[in-house]
Structure formats: C-alpha cells, structure tokens
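J.: My structure is below; once you've seen it, I'll send some questions.
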Amino acid sequence: MAANPMTQFEVYRIGPEIKIGAFDISFTNASLFMVISSLAILIIFNIGSKKNSMLPSKIQLLAELSYTFVSKMISDTAGSKAKPYFSFIFSLFMFVLFCNMFGMIPYTFTVTSHIIVTFVLASFIFIGVTVIGFIKHGFGYLKLFVPSGVPIVLLPLIVVIEIISYLSRPISLSVRLFANMMAGHTMMKVFGGFVISLGIVGGWLPLSFSVALTGLEILVAFLQAYVFAILTCIYLNDALNLHH
Amino acid sequence: MIKKYFFQLIFLNLFFIKEVFAAESGGMPQLNPEFWISQIFWLTLTFGILYIILSKVILPKISSNLELRKSQILENIEAAEKQRSDSETKLKEYESIISKSKLEAKNIFKETREKVLKDISTKRENLENEIDKEIKKAEQEINLLKKSAPEKINKIAIETSSEILKSLIGADVNSSSISAIVNDFSKRNGNKYYDN
C-alpha cells in the first residue's frame with residue numbers, strides 16, 4: 001500500500017528539546033531546511049559578489065541577474081519610492097524561492113508548505129506595509145478604503161468590502177503559497193505511490209506523469225516565489241503611492 | 001476538523017485515491033500546532049540573519065559592482081568614440097594633404113609645360129627672324145646685282161664690239177659712238193632680257 005502523501009509534511013525534532021519558558025523552540029527538520037536555504041543563499045551571493053571582474057563568472061552573473069531581476073520587478077510595480085525596501089523584498093523572494101526549490105529535491109522538507117511559516121511571513125509583510133502606509137500618509141492612509149468616483153449610496157458597502165479585502169491580504173498571500181506547495185508535493189507523492197502500487201506493468205503511466213509533474217512543480221516553485229514577492233511589491237505600492 | 005475533511009475531500013474527488021488516504025488518518029501535519037512556535041522562532045531567526053547579511057554586506061557589494069561595471073563600460077565606449085572621431089579627423093587631414101599635393105603636382109606640371117612652350121616659341125621666333133634677315137640680305141644682294149648687270153653688260157658689249165670693229169676694219173673707232181649705239185640698243189631691247 002502506498003504511503004500517506006501527507007507524512008512528507010510532518011515536522012519532527014532533530015536533537016534535544018529546547019525550551020524557553022513554556023515555548024518549545026526545538027530544532028526541527030523545518031528549521032534545518034530554513035538554515036540550509038539561508039546558508040545556500042548567503043554562500044551563492046557571497047561568492048557572486050566577492051570580486052568584480054569585467055567579465056562576470058557564472059555565479060557572479062547569477063547574482064547580478066537576480067539583483068537586476070528583483071530591482072526591475074520592484075521599480076516596475078512600486079516605483080522608485082520602494083528602493084529602501086529592496087533588500088527586504090530581495091531576501092524574501094530569495095528565501096521563498098530557495099525553500100521551494102530545496103523542497104523539490106527528493107526526501108527533503110518543504111518549509112513553505114507549512115501554513116504557519118507562510119502566514120508569519122505574510123502577516124509580517126501586512127503589518128509592515130500598514131505601518132509604512134500610516135507613517136507616510138498619517139490618517140490619510142484610510143483613504144485607501146474610500147475609492148474615488150463611487151456613488152455616495154454605495155460608499156458604505158464599498159468601504160466594508162475594501163476593509164475586508166485589505167484585512168484578508170495576509171490570509172490570501174499565505175494560503176496561496178502554502179496551498180500551492182502542499183498540493184504540488186501531495187500530487188507528486190500520490191503519483192509516486194501509484195507507480196509502486198501499479199508495479200512494473202502499469203506503473204509507467206504514473207511515472208511519466210510524475211516526471212512531467214516534477215517539471216511543473218519546479219515552475220510552480222519559481223512562480224509562487226515570484227507571485228509572493230510581486231504581491232508584496234503591490235501592497236507596498238499601495239502604501240507608498242496612495243492614489244485611489 | 002472541518003478543514004481537514006475539506007482538504008481530504010478535494011484530494012479524494014480529484015484523484016480517486018480513497019485507499020491511499022484511507023490507509024492512514026493522519027490528516028494535515030500543517031495544522032498540528034505542536035511545532036508552530038519553533039517554526040516561528042527559527043523562521044524569524046534565519047530570515048532575520050539572512051536579511052541583515054544580505055542588506056548590509058552582500059547587496060551593496062553587488063550594487064557597487066554593477067555600478068562600477070556600468071561606468072567602466074560607459075568610459076570605454078566614450079574612449080572608443082573619441083578615438084573614432086580622432087581617426088576620422090586624421091583621415092580627413094590625410095585626404096586634404098593628398099588632394100593638396102595632387103593640385104601642387106598639377107600646377108608644377110602646368111608651369112613647366114608653359115615655360116618649355118614659351119622657350120620653344122621664343123627660340124623659333126629668333127630663328128625665323130634670323131632667317132628672314134638672311135633672306136632679305138640675299139634679296140638685296142640679288143637686287144644690287146640685277147641693277148648693276150645691264151651696265152656691266154653694256155660695258156662688255158662696248159668693249160667687245162670695239163675690239164671686233166678694230167679687228168674687222170683695223171682702225172680705232174670712236175668709242176663714244178659705239179657706246180651710244182649699244183646704249184640705244186639696250187634701251188630698245190633691254191626689257192626682253194631683264195624683266196624689270
């Protein structure tokens with residue numbers, strides 16, 4: 001019988017139990033892959049920025065291409081005012097991308113397939129964007145909920161809808177990433193289980209599906225990181241350039 | 001619990017894999033809050049460190065690398081541009097020198113030709129003048145000879161006729177009468193022998 005496709009998402013403790021007060025902050029497999037992803041990013045970008053040759057090496061080219069990619073993405077969606085937040089969005093994009101990509105390696109753990117992780121990231125973005133909006137515009141930031149050119153009769157309804165949509169941003173942002181990652185990995189696991197259960201005779205079809213799905217999932221891993229970053233840029237744009 | 005069944009329902013309907021899910025009823029480990037605090041802690045820690053190192057060390061370096069390369073490339077382009085314009089001006093100079101020297105050569109050639117032609121013409125003129133002079137001299141001499149010829153002939157005629165008469169008659173004849181006859185004769189018939 002095929003293994004439960006959900007066991008791959010299980011978190012277990014590595015090493016001893018660490019407790020601060022009542023909180024268990026033990027090092028788990030999730031923590032391990034967070035550390036691995038961060039280290040990989042730091043190593044790659046450190047090598048890529050170490051020496052500046054006129055003809056960049058491959059790693060340097062990679063680092064510089066991702067730099068220009070993210071910086072172009074930010075300037076396209078949020079304008080030049082978002083420049084101070086470049087390094088945050090860059091780190092966010094790289095972190096999510098590397099976590100997603102490390103999850104694609106068999107027998108690894110996908111950090112971003114956990115709702116709590118994506119929700120913490122998303123709520124941090126949400127709180128940060130809201131704070132930036134109130135700092136930049138004061139209470140004028142509340143105009144975000146009052147679109148111009150709306151008939152006065154509809155205004156109460158529209159304001160309520162706007163507030164709900166604004167408050168649901170962290171949920172939509174986190175659930176989008178988490179659900180995509182979880183669904184993709186579950187699907188791959190399920191097809192992998194089919195290969196085993198159908199055996200040498202009928203297992204070839206799910207196997208070919210599994211291969212195709214791996215390609216698709218790599219695409220999704222990149223795309224979801226991109227979507228996560230670009231939505232952050234859009235929220236930031238709302239906070240920085242208030243023009244409703 | 002509702003959420004759990006919801007997700008299971010989605011997967012059941014999507015893939016018809018009842019038995020796969022029925023085997024274990026683990027549900028979603030994501031919704032188990034046992035390690036939530038740990039995940040939040042480690043996420044904050046790793047992402048925080050990542051953000052600090054990237055923003056303080058690595059990204060400024062990449063940015064300055066890019067800027068440096070950009071400015072260097074711009075400089076190189078400028079230098080290349082300058083060199084090209086320099087070479088263009090040099091080429092123009094060279095061309096102007098060439099055309100100038102061509103013109104000069106032409107002028108020199110023309111001048112020399114004119115000089116030579118002039119020389120030749122003056123020499124020819126001189127020669128012609130000399131020839132003309134010689135011809136005139138010769139003509140004058142001829143004319144002189146022509147003029148003096150009848151007189152001489154008359155004289156010879158007188159002398160011969162007197163000689164002839166002397167030997168014929170054996171006595172001297174008056175020379176003046178002979179000369180008168182000869183002169184008369186030559187005056188009458190002279191035009192027949194001298195066309196003047």
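Residues in the structure tokens are named by chain (A, B, ... in the order shown) and by number from 1 within that chain; ligands are numbered from 1 in the order shown.
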Using only C-alpha atoms and a distance of at most 7 Å, pull out the residues of chain B that contact chain A, as a PyMOL selection string.
T.: chain B and resi 20-21+24+28-30+36-43+46+50-51+54-55+58+61-62+65+69
J.: Which value, in Å to one decimal, gives the distance between CA of Leu62 in chain A and CA of Asn180 in chain A?
T.: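 Distance between the two atoms: 26.1 Å.
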J.: With only C-alpha atoms as the atoms that count, which of A:Ile164, A:His185, A:Gly192, A:Gly21 lies nearest to Val211 in chain A?
T.: A:Gly192
J.: Looking at B:Ser186, B:Ser85, B:Asn76, B:Ser63, which one is nearest to Pro150 in chain B, with distances taken over only C-alpha atoms?
T.: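 Smallest separation from Pro150 in chain B among the options: B:Ser186.
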J.: Rounded to one decimal in Å, what is the spacing between CA of Ile230 in chain A and CA of Phe93 in chain A?
T.: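 CA of Phe93 in chain A lies at a distance of 8.8 Å from CA of Ile230 in chain A.
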J.: Within 7 Å of Ala122 in chain A, counting only C-alpha atoms, which residues qualify if same-chain residues fewer than 5 places away don't, as a ChimeraX atom specification?
T.: /A:170,173-174
J.: Please run DSSP on the backbone and report, as number ranges by chain, all residues within range 17-216 of chain A that come out as strand (DSSP E).
T.: A: 19-20, 23-24
J.: Would you put the residues from that selection into a file with N, CA and C atoms, as a PDB file, in the first residue's frame?
T.:
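Once everything was written out, this is selection13.pdb:
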```pdb
ATOM      1  N   LYS A  19      13.698  24.554  25.242  1.00  0.00           N
ATOM      2  CA  LYS A  19      12.501  25.264  25.712  1.00  0.00           C
ATOM      3  C   LYS A  19      12.881  26.600  26.298  1.00  0.00           C
ATOM      4  N   ILE A  20      12.129  27.643  25.896  1.00  0.00           N
ATOM      5  CA  ILE A  20      12.275  28.938  26.544  1.00  0.00           C
ATOM      6  C   ILE A  20      10.946  29.213  27.213  1.00  0.00           C
ATOM      7  N   PHE A  23       7.608  27.852  25.866  1.00  0.00           N
ATOM      8  CA  PHE A  23       7.634  27.661  24.417  1.00  0.00           C
ATOM      9  C   PHE A  23       8.692  26.657  24.012  1.00  0.00           C
ATOM     10  N   ASP A  24       8.274  25.755  23.141  1.00  0.00           N
ATOM     11  CA  ASP A  24       9.181  24.747  22.606  1.00  0.00           C
ATOM     12  C   ASP A  24       9.781  25.291  21.310  1.00  0.00           C
TER      13      ASP A  24
END
```
J.: Which value, in Å to one decimal, gives the distance between CA of Asp184 in chain B and CA of Lys146 in chain B?
T.: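 Value for the CA of Asp184 in chain B-CA of Lys146 in chain B distance: 19.3 Å.
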J.: Can you list every residue in range 72-166 of chain A that DSSP puts in helix (DSSP H, G or I), as a ChimeraX atom specification?
T.: /A:72-78,80-103,111-113,115-145,155-166
J.: Restricting the output to C-alpha atoms, write the selected residues as a PDB file, in the first residue's frame.
T.:
```pdb
ATOM      1  CA  LYS A  72      13.326  45.771 -12.016  1.00  0.00           C
ATOM      2  CA  MET A  73      10.330  43.986 -10.525  1.00  0.00           C
ATOM      3  CA  ILE A  74      10.202  46.479  -7.658  1.00  0.00           C
ATOM      4  CA  SER A  75      10.657  49.570  -9.795  1.00  0.00           C
ATOM      5  CA  ASP A  76       8.016  48.331 -12.250  1.00  0.00           C
ATOM      6  CA  THR A  77       5.345  47.682  -9.638  1.00  0.00           C
ATOM      7  CA  ALA A  78       6.097  50.057  -6.775  1.00  0.00           C
ATOM      8  CA  SER A  80      11.312  54.486  -7.243  1.00  0.00           C
ATOM      9  CA  LYS A  81       9.944  55.176  -3.746  1.00  0.00           C
ATOM     10  CA  ALA A  82      10.231  51.471  -2.908  1.00  0.00           C
ATOM     11  CA  LYS A  83      14.013  51.494  -3.224  1.00  0.00           C
ATOM     12  CA  PRO A  84      14.667  51.407   0.564  1.00  0.00           C
ATOM     13  CA  TYR A  85      12.698  48.159   0.786  1.00  0.00           C
ATOM     14  CA  PHE A  86      14.682  46.496  -1.962  1.00  0.00           C
ATOM     15  CA  SER A  87      16.823  44.347   0.290  1.00  0.00           C
ATOM     16  CA  PHE A  88      13.804  43.096   2.232  1.00  0.00           C
ATOM     17  CA  ILE A  89      11.933  42.072  -0.901  1.00  0.00           C
ATOM     18  CA  PHE A  90      15.092  40.577  -2.347  1.00  0.00           C
ATOM     19  CA  SER A  91      15.655  38.474   0.786  1.00  0.00           C
ATOM     20  CA  LEU A  92      12.001  37.486   0.847  1.00  0.00           C
ATOM     21  CA  PHE A  93      11.994  36.419  -2.798  1.00  0.00           C
ATOM     22  CA  MET A  94      15.246  34.503  -2.441  1.00  0.00           C
ATOM     23  CA  PHE A  95      14.182  32.837   0.806  1.00  0.00           C
ATOM     24  CA  VAL A  96      10.858  31.649  -0.570  1.00  0.00           C
ATOM     25  CA  LEU A  97      12.448  30.617  -3.871  1.00  0.00           C
ATOM     26  CA  PHE A  98      15.207  28.618  -2.198  1.00  0.00           C
ATOM     27  CA  CYS A  99      12.817  26.972   0.268  1.00  0.00           C
ATOM     28  CA  ASN A 100      10.547  25.991  -2.627  1.00  0.00           C
ATOM     29  CA  MET A 101      13.442  24.733  -4.710  1.00  0.00           C
ATOM     30  CA  PHE A 102      15.040  22.759  -1.884  1.00  0.00           C
ATOM     31  CA  GLY A 103      11.643  21.156  -1.402  1.00  0.00           C
ATOM     32  CA  VAL A 111       9.430  24.844   4.560  1.00  0.00           C
ATOM     33  CA  THR A 112       6.901  26.893   2.601  1.00  0.00           C
ATOM     34  CA  SER A 113       4.364  24.060   2.577  1.00  0.00           C
ATOM     35  CA  ILE A 115       0.760  27.480   6.713  1.00  0.00           C
ATOM     36  CA  ILE A 116       2.366  28.813   9.856  1.00  0.00           C
ATOM     37  CA  VAL A 117       5.568  29.771   8.028  1.00  0.00           C
ATOM     38  CA  THR A 118       3.845  31.497   5.139  1.00  0.00           C
ATOM     39  CA  PHE A 119       1.374  33.118   7.486  1.00  0.00           C
ATOM     40  CA  VAL A 120       4.135  34.587   9.634  1.00  0.00           C
ATOM     41  CA  LEU A 121       5.852  35.968   6.532  1.00  0.00           C
ATOM     42  CA  ALA A 122       2.590  37.322   5.156  1.00  0.00           C
ATOM     43  CA  SER A 123       1.478  38.904   8.425  1.00  0.00           C
ATOM     44  CA  PHE A 124       4.898  40.485   8.838  1.00  0.00           C
ATOM     45  CA  ILE A 125       4.513  41.985   5.372  1.00  0.00           C
ATOM     46  CA  PHE A 126       0.953  43.054   6.166  1.00  0.00           C
ATOM     47  CA  ILE A 127       1.912  44.756   9.418  1.00  0.00           C
ATOM     48  CA  GLY A 128       4.966  46.340   7.848  1.00  0.00           C
ATOM     49  CA  VAL A 129       3.046  47.690   4.886  1.00  0.00           C
ATOM     50  CA  THR A 130       0.304  49.063   7.133  1.00  0.00           C
ATOM     51  CA  VAL A 131       2.846  50.776   9.381  1.00  0.00           C
ATOM     52  CA  ILE A 132       4.653  52.260   6.356  1.00  0.00           C
ATOM     53  CA  GLY A 133       1.324  53.484   4.997  1.00  0.00           C
ATOM     54  CA  PHE A 134       0.395  55.234   8.250  1.00  0.00           C
ATOM     55  CA  ILE A 135       3.871  56.753   8.603  1.00  0.00           C
ATOM     56  CA  LYS A 136       3.849  58.101   5.050  1.00  0.00           C
ATOM     57  CA  HIS A 137       0.279  59.385   4.927  1.00  0.00           C
ATOM     58  CA  GLY A 138      -0.904  59.580   8.523  1.00  0.00           C
ATOM     59  CA  PHE A 139      -4.619  59.011   8.791  1.00  0.00           C
ATOM     60  CA  GLY A 140      -4.865  59.848   5.113  1.00  0.00           C
ATOM     61  CA  TYR A 141      -3.906  56.239   4.558  1.00  0.00           C
ATOM     62  CA  LEU A 142      -7.502  55.365   5.437  1.00  0.00           C
ATOM     63  CA  LYS A 143      -8.450  56.920   2.081  1.00  0.00           C
ATOM     64  CA  LEU A 144      -7.290  53.604   0.663  1.00  0.00           C
ATOM     65  CA  PHE A 145     -10.660  52.222   1.735  1.00  0.00           C
ATOM     66  CA  LEU A 155     -19.953  54.016  -0.345  1.00  0.00           C
ATOM     67  CA  PRO A 156     -20.677  52.186   2.961  1.00  0.00           C
ATOM     68  CA  LEU A 157     -20.796  48.867   1.165  1.00  0.00           C
ATOM     69  CA  ILE A 158     -17.624  49.558  -0.832  1.00  0.00           C
ATOM     70  CA  VAL A 159     -15.744  50.649   2.289  1.00  0.00           C
ATOM     71  CA  VAL A 160     -16.703  47.468   4.079  1.00  0.00           C
ATOM     72  CA  ILE A 161     -15.611  45.369   1.090  1.00  0.00           C
ATOM     73  CA  GLU A 162     -12.335  47.275   0.839  1.00  0.00           C
ATOM     74  CA  ILE A 163     -11.596  46.799   4.525  1.00  0.00           C
ATOM     75  CA  ILE A 164     -12.355  43.082   4.337  1.00  0.00           C
ATOM     76  CA  SER A 165     -10.191  42.682   1.238  1.00  0.00           C
ATOM     77  CA  TYR A 166      -7.394  44.608   2.927  1.00  0.00           C
TER      78      TYR A 166
END
```
J.: Identify which of the residues B:Ile142, B:Ser64, B:Ser161, B:Asn189 lies closest to Ser176 in chain B, counting only C-alpha atoms when measuring atom-to-atom distances.
T.: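 Selected residue with least distance to Ser176 in chain B: B:Ser161.
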J.: Within 10 Å of Val220 in chain A, counting only C-alpha atoms, which residues qualify if same-chain residues fewer than 5 places away don't, as a count of residues only?
T.: 12
